[in-house]
Amino acid sequence: MELDVDGVAERVSTGALPSWDDVEHLVQDAFERNRGVTAGTVADYIPALAVADPALFGVSVAEVNGAVHSAGDVGHAFSIQSISKAFVYALVCEELGHELALERVGVNNTGLAFNSVMAIELNDGHPMNPMVNAGALATTALVPGATADERWAFIQDGLSRFAGRRLGLDTGVYESETATNQRNQAIARLLESYGRITADPVEVVDVYTRQCSLLVTARDLAVMGATLADGGVNPVTGERVVSQHVCRDTLAVMAASGLYEQSGEWLFEIGIPGKSGVAGGLVAIAPGKVGIGTFSPPLDAAGNSVRGQRATAFLSRSLGLNVFASGVHGRPDAQLHDTSTEGQER
Ligand code: GLN
């Protein structure tokens, strides 16, 4: 794309959240309204995930001023899985820059499942975007380091800085996925055959499997998300993790592809960038406002947490987070009105 924007000063778009008390109540509401929902099934293609308790449910919202609101099982640790893709991408973008990340990994949706091999074939071996397995493997292959251990240390340190605490590995999940991830090995080999990754594919899959096995809580996800909402500074620790430009680019990719083939529906209903993982985690980010972290293991057919999506949809509406929703200039009432009365209002 030729956009001629070099050197243009970029302004940020932010808005106000409701008061601390209101956010606190709405987070409780998001939990209470959805705790009885039983739809969805726990992922079982990674054997260690199949034993997750479907009743677990937590909702956490971290504001960019560092306030954290929580309801339910927000301290329960689970493997981050695909949500790691967004944060590793941010760390790699920080190292490589906008143009190289665009060229090497891509930013367009595949419209296909997260572990699709066909998506690679249909696109001449291009991994397409960092939120699906092919693009995530291509991203992990770009992580700096001379050895797999160095690359792993870079990822573990970086994701820990996003969370504001040292994140550990779930060795049970790591070993279980290592024994059953032939499909990811095949994807890495296919990318190698197309010349899309030059690192050793076996090592790349191993580091990727470790990054997916990092243990986080819903609260961690909220803080990690809030770091992306806060121009790259962790609002709890005050540490800068990535640059503002990298946050902007990462959120754009999450908006386009974070929920795989359901990304359009997600954006239509919820209107902020998000990323899901098969252990039941979900993170959503309202730039300049909050990070939302939820955890509930039962998933829909695309692999996205059912209760997580519902709680996030409620919070997006009630906290006024949808980036596509606007008020009318000069009218103090900032609420969206029902479309059935739209004609009468104007
Ligand atoms: N580790 C998982 C995999 O690669 C992550 C998938 C996911 O969370 N959608 O299959």
# chains A, B, ... in the order shown; residues from 1 in each chain; ligands from 1

$ residues_near_ligand --ligand "ligand 1" --cutoff "6 Å" --atoms "only C-alpha atoms and all ligand atoms" --output "short mmCIF file (atom, residue, chain, number, x, y, z; two decimals) with N, CA, C and O atoms, in the first residue's frame"
data_model
loop_
_atom_site.label_atom_id
_atom_site.label_comp_id
_atom_site.auth_asym_id
_atom_site.auth_seq_id
_atom_site.Cartn_x
_atom_site.Cartn_y
_atom_site.Cartn_z
N GLN A 81 -1.57 -20.35 25.91
CA GLN A 81 -1.84 -20.84 24.55
C GLN A 81 -1.72 -19.73 23.51
O GLN A 81 -0.78 -18.97 23.55
N SER A 82 -2.70 -19.62 22.62
CA SER A 82 -2.56 -18.71 21.48
C SER A 82 -2.48 -17.23 21.84
O SER A 82 -2.10 -16.42 21.00
N ASN A 133 -1.51 -20.29 13.62
CA ASN A 133 -0.31 -21.04 13.97
C ASN A 133 0.85 -20.83 12.99
O ASN A 133 2.00 -20.70 13.42
N THR A 209 5.87 -24.08 21.50
CA THR A 209 5.08 -24.90 22.43
C THR A 209 5.33 -24.45 23.87
O THR A 209 4.41 -24.41 24.69
N CYS A 212 3.37 -21.26 24.50
CA CYS A 212 1.94 -21.55 24.68
C CYS A 212 1.66 -22.15 26.06
O CYS A 212 0.53 -22.12 26.53
N GLY A 277 -7.34 -18.10 23.47
CA GLY A 277 -6.47 -19.27 23.55
C GLY A 277 -7.30 -20.49 23.89
O GLY A 277 -8.34 -20.36 24.55
N VAL A 278 -6.85 -21.67 23.46
CA VAL A 278 -7.66 -22.88 23.64
C VAL A 278 -7.78 -23.38 25.08
O VAL A 278 -8.61 -24.24 25.35
#

$ select_by_dssp --residues "segment 131-224 of chain A" --states "strand (DSSP E or B)" --output "list in words"
Leu169, Leu214, Leu215 and Val216 of chain A

$ write_last_selection --atoms "C-alpha atoms" --output "PDB file, in the first residue's frame"
ATOM      1  CA  LEU A 169       5.921 -22.900  32.584  1.00  0.00           C
ATOM      2  CA  LEU A 214       3.288 -20.276  30.049  1.00  0.00           C
ATOM      3  CA  LEU A 215       0.960 -20.020  33.031  1.00  0.00           C
ATOM      4  CA  VAL A 216      -1.164 -16.896  33.417  1.00  0.00           C
TER       5      VAL A 216
END

$ closest_residue --among "A:Arg317, A:Arg11, A:Arg161, A:His25" --to "Asn234 of chain A" --atoms "only C-alpha atoms"
A:Arg161

$ closest_residue --among "A:Ala39, A:Leu96, A:Ala50, A:Ala119" --to "Glu261 of chain A" --atoms "only C-alpha atoms"
A:Ala119

$ residues_around --residues "Ile197 of chain A" --least-positions-apart "4" --cutoff "8 Å" --atoms "only C-alpha atoms" --output "VMD selection string"
chain A and resid 138 141 188 191 to 192 201

$ residues_around --residues "Ala62 of chain A" --least-positions-apart "6" --cutoff "12 Å" --atoms "only C-alpha atoms" --output "ChimeraX atom specification"
/A:17,20,23-24,27,68-70,163,218-230,234-236,283-294

$ write_last_selection --atoms "N, CA and C atoms" --output "mmCIF file, in the first residue's frame"
data_model
loop_
_atom_site.group_PDB
_atom_site.id
_atom_site.type_symbol
_atom_site.label_atom_id
_atom_site.label_comp_id
_atom_site.auth_asym_id
_atom_site.auth_seq_id
_atom_site.Cartn_x
_atom_site.Cartn_y
_atom_site.Cartn_z
ATOM 1 N N LEU A 17 -13.344 6.599 30.794
ATOM 2 C CA LEU A 17 -14.069 5.444 31.320
ATOM 3 C C LEU A 17 -15.094 5.928 32.342
ATOM 4 N N TRP A 20 -14.550 4.685 38.921
ATOM 5 C CA TRP A 20 -13.996 3.442 39.486
ATOM 6 C C TRP A 20 -15.124 2.559 40.020
ATOM 7 N N VAL A 23 -17.095 0.915 37.185
ATOM 8 C CA VAL A 23 -16.330 -0.177 36.546
ATOM 9 C C VAL A 23 -16.357 -1.400 37.458
ATOM 10 N N GLU A 24 -16.165 -1.164 38.752
ATOM 11 C CA GLU A 24 -16.159 -2.259 39.727
ATOM 12 C C GLU A 24 -17.488 -3.038 39.667
ATOM 13 N N VAL A 27 -17.916 -5.014 36.312
ATOM 14 C CA VAL A 27 -17.106 -6.242 36.245
ATOM 15 C C VAL A 27 -17.821 -7.357 37.026
ATOM 16 N N VAL A 68 -7.146 -2.299 39.126
ATOM 17 C CA VAL A 68 -7.550 -3.607 38.613
ATOM 18 C C VAL A 68 -8.846 -4.030 39.308
ATOM 19 N N HIS A 69 -9.846 -4.428 38.515
ATOM 20 C CA HIS A 69 -11.139 -4.878 39.037
ATOM 21 C C HIS A 69 -11.293 -6.354 38.676
ATOM 22 N N SER A 70 -11.760 -7.156 39.634
ATOM 23 C CA SER A 70 -11.803 -8.594 39.372
ATOM 24 C C SER A 70 -13.033 -9.246 39.967
ATOM 25 N N ALA A 163 3.148 -8.925 31.936
ATOM 26 C CA ALA A 163 2.276 -9.311 33.053
ATOM 27 C C ALA A 163 2.658 -8.594 34.352
ATOM 28 N N ALA A 218 -6.414 -14.775 34.742
ATOM 29 C CA ALA A 218 -7.242 -13.759 34.072
ATOM 30 C C ALA A 218 -6.733 -12.364 34.424
ATOM 31 N N ARG A 219 -6.284 -12.207 35.687
ATOM 32 C CA ARG A 219 -5.741 -10.908 36.092
ATOM 33 C C ARG A 219 -4.491 -10.569 35.292
ATOM 34 N N ASP A 220 -3.595 -11.556 35.113
ATOM 35 C CA ASP A 220 -2.395 -11.316 34.292
ATOM 36 C C ASP A 220 -2.790 -10.842 32.900
ATOM 37 N N LEU A 221 -3.782 -11.531 32.314
ATOM 38 C CA LEU A 221 -4.188 -11.155 30.954
ATOM 39 C C LEU A 221 -4.702 -9.719 30.915
ATOM 40 N N ALA A 222 -5.441 -9.321 31.956
ATOM 41 C CA ALA A 222 -5.943 -7.940 31.997
ATOM 42 C C ALA A 222 -4.773 -6.950 32.033
ATOM 43 N N VAL A 223 -3.754 -7.248 32.839
ATOM 44 C CA VAL A 223 -2.593 -6.341 32.936
ATOM 45 C C VAL A 223 -1.787 -6.356 31.636
ATOM 46 N N MET A 224 -1.635 -7.540 31.052
ATOM 47 C CA MET A 224 -0.915 -7.632 29.771
ATOM 48 C C MET A 224 -1.660 -6.813 28.709
ATOM 49 N N GLY A 225 -2.979 -6.950 28.698
ATOM 50 C CA GLY A 225 -3.791 -6.185 27.752
ATOM 51 C C GLY A 225 -3.700 -4.695 28.032
ATOM 52 N N ALA A 226 -3.729 -4.346 29.313
ATOM 53 C CA ALA A 226 -3.661 -2.922 29.675
ATOM 54 C C ALA A 226 -2.330 -2.303 29.247
ATOM 55 N N THR A 227 -1.277 -3.124 29.185
ATOM 56 C CA THR A 227 0.022 -2.620 28.719
ATOM 57 C C THR A 227 -0.069 -2.236 27.240
ATOM 58 N N LEU A 228 -0.810 -3.035 26.467
ATOM 59 C CA LEU A 228 -1.029 -2.680 25.062
ATOM 60 C C LEU A 228 -1.999 -1.503 24.936
ATOM 61 N N ALA A 229 -2.891 -1.344 25.932
ATOM 62 C CA ALA A 229 -3.833 -0.210 25.914
ATOM 63 C C ALA A 229 -3.154 1.076 26.332
ATOM 64 N N ASP A 230 -2.008 0.949 26.988
ATOM 65 C CA ASP A 230 -1.340 2.089 27.619
ATOM 66 C C ASP A 230 -0.069 2.472 26.861
ATOM 67 N N ASN A 234 3.535 -0.848 31.125
ATOM 68 C CA ASN A 234 2.731 -1.634 32.060
ATOM 69 C C ASN A 234 2.190 -0.688 33.136
ATOM 70 N N PRO A 235 0.853 -0.548 33.237
ATOM 71 C CA PRO A 235 0.309 0.450 34.160
ATOM 72 C C PRO A 235 0.452 0.073 35.625
ATOM 73 N N VAL A 236 0.786 -1.167 35.922
ATOM 74 C CA VAL A 236 0.957 -1.580 37.317
ATOM 75 C C VAL A 236 2.414 -1.391 37.750
ATOM 76 N N VAL A 283 -8.188 -12.210 25.936
ATOM 77 C CA VAL A 283 -7.783 -10.855 26.300
ATOM 78 C C VAL A 283 -8.407 -9.908 25.294
ATOM 79 N N ALA A 284 -8.846 -8.754 25.765
ATOM 80 C CA ALA A 284 -9.377 -7.729 24.869
ATOM 81 C C ALA A 284 -8.832 -6.391 25.328
ATOM 82 N N ILE A 285 -8.657 -5.494 24.369
ATOM 83 C CA ILE A 285 -7.981 -4.229 24.675
ATOM 84 C C ILE A 285 -8.763 -3.049 24.114
ATOM 85 N N ALA A 286 -9.076 -2.105 24.980
ATOM 86 C CA ALA A 286 -9.653 -0.834 24.524
ATOM 87 C C ALA A 286 -8.539 0.201 24.614
ATOM 88 N N PRO A 287 -7.970 0.618 23.464
ATOM 89 C CA PRO A 287 -6.798 1.498 23.493
ATOM 90 C C PRO A 287 -7.053 2.763 24.313
ATOM 91 N N GLY A 288 -6.088 3.068 25.188
ATOM 92 C CA GLY A 288 -6.196 4.256 26.021
ATOM 93 C C GLY A 288 -7.091 4.068 27.236
ATOM 94 N N LYS A 289 -7.727 2.900 27.366
ATOM 95 C CA LYS A 289 -8.666 2.717 28.476
ATOM 96 C C LYS A 289 -8.339 1.502 29.355
ATOM 97 N N VAL A 290 -8.561 0.311 28.832
ATOM 98 C CA VAL A 290 -8.428 -0.887 29.678
ATOM 99 C C VAL A 290 -7.915 -2.104 28.903
ATOM 100 N N GLY A 291 -7.438 -3.079 29.683
ATOM 101 C CA GLY A 291 -7.267 -4.440 29.201
ATOM 102 C C GLY A 291 -8.278 -5.304 29.938
ATOM 103 N N ILE A 292 -8.914 -6.236 29.230
ATOM 104 C CA ILE A 292 -9.867 -7.158 29.855
ATOM 105 C C ILE A 292 -9.286 -8.560 29.744
ATOM 106 N N GLY A 293 -9.231 -9.277 30.864
ATOM 107 C CA GLY A 293 -8.787 -10.671 30.836
ATOM 108 C C GLY A 293 -9.899 -11.552 31.373
ATOM 109 N N THR A 294 -10.231 -12.599 30.644
ATOM 110 C CA THR A 294 -11.240 -13.542 31.146
ATOM 111 C C THR A 294 -10.700 -14.956 31.016
#

$ atom_distance --atom1 "atom CA of Pro297 of chain A" --atom2 "atom CA of Arg166 of chain A"
23.3 Å

$ atom_distance --atom1 "atom CA of Val233 of chain A" --atom2 "atom CA of Pro127 of chain A"
29.2 Å

$ closest_residue --among "A:Ile155, A:Thr147, A:Asn181, A:Cys247" --to "Ala199 of chain A" --atoms "only C-alpha atoms"
A:Thr147

$ closest_residue --among "A:Gly158, A:Gly66, A:Gly258, A:Pro144" --to "Gly274 of chain A" --atoms "only C-alpha atoms"
A:Gly258

$ select_by_dssp --residues "segment 79-205 of chain A" --states "helix (DSSP H, G or I)" --output "PyMOL selection string"
chain A and resi 83-96+98-104+118-122+133-140+148-163+171-180+182-193+201-205

$ write_last_selection --atoms "C-alpha atoms" --output "mmCIF file, in the first residue's frame"
data_model
loop_
_atom_site.group_PDB
_atom_site.id
_atom_site.type_symbol
_atom_site.label_atom_id
_atom_site.label_comp_id
_atom_site.auth_asym_id
_atom_site.auth_seq_id
_atom_site.Cartn_x
_atom_site.Cartn_y
_atom_site.Cartn_z
ATOM 1 C CA ILE A 83 -2.796 -15.479 23.440
ATOM 2 C CA SER A 84 1.017 -15.655 23.595
ATOM 3 C CA LYS A 85 1.018 -15.051 19.822
ATOM 4 C CA ALA A 86 -0.040 -11.423 20.207
ATOM 5 C CA PHE A 87 2.573 -10.611 22.847
ATOM 6 C CA VAL A 88 5.445 -12.459 21.172
ATOM 7 C CA TYR A 89 4.504 -10.631 17.972
ATOM 8 C CA ALA A 90 4.753 -7.311 19.817
ATOM 9 C CA LEU A 91 8.207 -8.223 21.156
ATOM 10 C CA VAL A 92 9.381 -9.289 17.691
ATOM 11 C CA CYS A 93 7.984 -6.110 16.089
ATOM 12 C CA GLU A 94 9.918 -4.119 18.654
ATOM 13 C CA GLU A 95 13.113 -5.847 17.452
ATOM 14 C CA LEU A 96 12.373 -5.975 13.717
ATOM 15 C CA HIS A 98 6.981 -2.327 11.123
ATOM 16 C CA GLU A 99 8.087 -3.044 7.548
ATOM 17 C CA LEU A 100 9.960 -6.265 8.181
ATOM 18 C CA ALA A 101 7.151 -7.710 10.341
ATOM 19 C CA LEU A 102 4.675 -6.827 7.616
ATOM 20 C CA GLU A 103 6.742 -8.501 4.931
ATOM 21 C CA ARG A 104 7.858 -11.599 6.842
ATOM 22 C CA MET A 118 -4.699 -25.140 3.500
ATOM 23 C CA ALA A 119 -4.347 -21.426 4.312
ATOM 24 C CA ILE A 120 -0.599 -21.768 3.684
ATOM 25 C CA GLU A 121 -1.112 -23.613 0.408
ATOM 26 C CA LEU A 122 -3.722 -21.139 -0.825
ATOM 27 C CA ASN A 133 -0.309 -21.036 13.972
ATOM 28 C CA ALA A 134 1.613 -20.604 10.700
ATOM 29 C CA GLY A 135 2.228 -16.907 11.330
ATOM 30 C CA ALA A 136 2.951 -17.496 15.001
ATOM 31 C CA LEU A 137 5.591 -20.088 14.129
ATOM 32 C CA ALA A 138 7.073 -17.671 11.578
ATOM 33 C CA THR A 139 7.098 -14.989 14.298
ATOM 34 C CA THR A 140 8.750 -17.230 16.887
ATOM 35 C CA ALA A 148 16.577 -22.139 21.428
ATOM 36 C CA ASP A 149 17.198 -21.448 25.122
ATOM 37 C CA GLU A 150 18.135 -17.836 24.411
ATOM 38 C CA ARG A 151 15.008 -17.372 22.301
ATOM 39 C CA TRP A 152 12.910 -18.958 25.017
ATOM 40 C CA ALA A 153 14.465 -16.664 27.658
ATOM 41 C CA PHE A 154 13.644 -13.641 25.466
ATOM 42 C CA ILE A 155 9.986 -14.736 25.275
ATOM 43 C CA GLN A 156 9.614 -15.663 28.935
ATOM 44 C CA ASP A 157 11.210 -12.371 30.039
ATOM 45 C CA GLY A 158 9.160 -10.320 27.609
ATOM 46 C CA LEU A 159 5.786 -11.867 28.468
ATOM 47 C CA SER A 160 6.643 -11.559 32.166
ATOM 48 C CA ARG A 161 7.245 -7.828 31.680
ATOM 49 C CA PHE A 162 3.827 -7.525 30.046
ATOM 50 C CA ALA A 163 2.276 -9.311 33.053
ATOM 51 C CA THR A 171 5.471 -28.548 32.250
ATOM 52 C CA GLY A 172 2.496 -30.944 32.084
ATOM 53 C CA VAL A 173 0.875 -28.957 29.272
ATOM 54 C CA TYR A 174 4.243 -28.485 27.529
ATOM 55 C CA GLU A 175 4.981 -32.221 27.560
ATOM 56 C CA SER A 176 1.437 -33.135 26.554
ATOM 57 C CA GLU A 177 1.473 -30.744 23.598
ATOM 58 C CA THR A 178 5.003 -31.774 22.609
ATOM 59 C CA ALA A 179 3.818 -35.381 22.344
ATOM 60 C CA THR A 180 0.808 -34.471 20.196
ATOM 61 C CA GLN A 182 2.580 -33.217 14.832
ATOM 62 C CA ARG A 183 0.347 -30.765 13.000
ATOM 63 C CA ASN A 184 2.394 -27.763 14.154
ATOM 64 C CA GLN A 185 5.567 -29.645 13.198
ATOM 65 C CA ALA A 186 4.085 -30.171 9.729
ATOM 66 C CA ILE A 187 3.195 -26.475 9.446
ATOM 67 C CA ALA A 188 6.752 -25.474 10.417
ATOM 68 C CA ARG A 189 8.230 -27.884 7.854
ATOM 69 C CA LEU A 190 5.870 -26.561 5.184
ATOM 70 C CA LEU A 191 6.943 -22.973 5.937
ATOM 71 C CA GLU A 192 10.568 -24.115 5.734
ATOM 72 C CA SER A 193 9.905 -25.724 2.349
ATOM 73 C CA PRO A 201 11.708 -25.970 12.399
ATOM 74 C CA VAL A 202 11.998 -28.510 15.233
ATOM 75 C CA GLU A 203 13.465 -25.862 17.531
ATOM 76 C CA VAL A 204 10.908 -23.274 16.439
ATOM 77 C CA VAL A 205 8.003 -25.610 17.289
#

$ atom_distance --atom1 "atom CA of Glu239 of chain A" --atom2 "atom CA of Ile80 of chain A"
21.5 Å
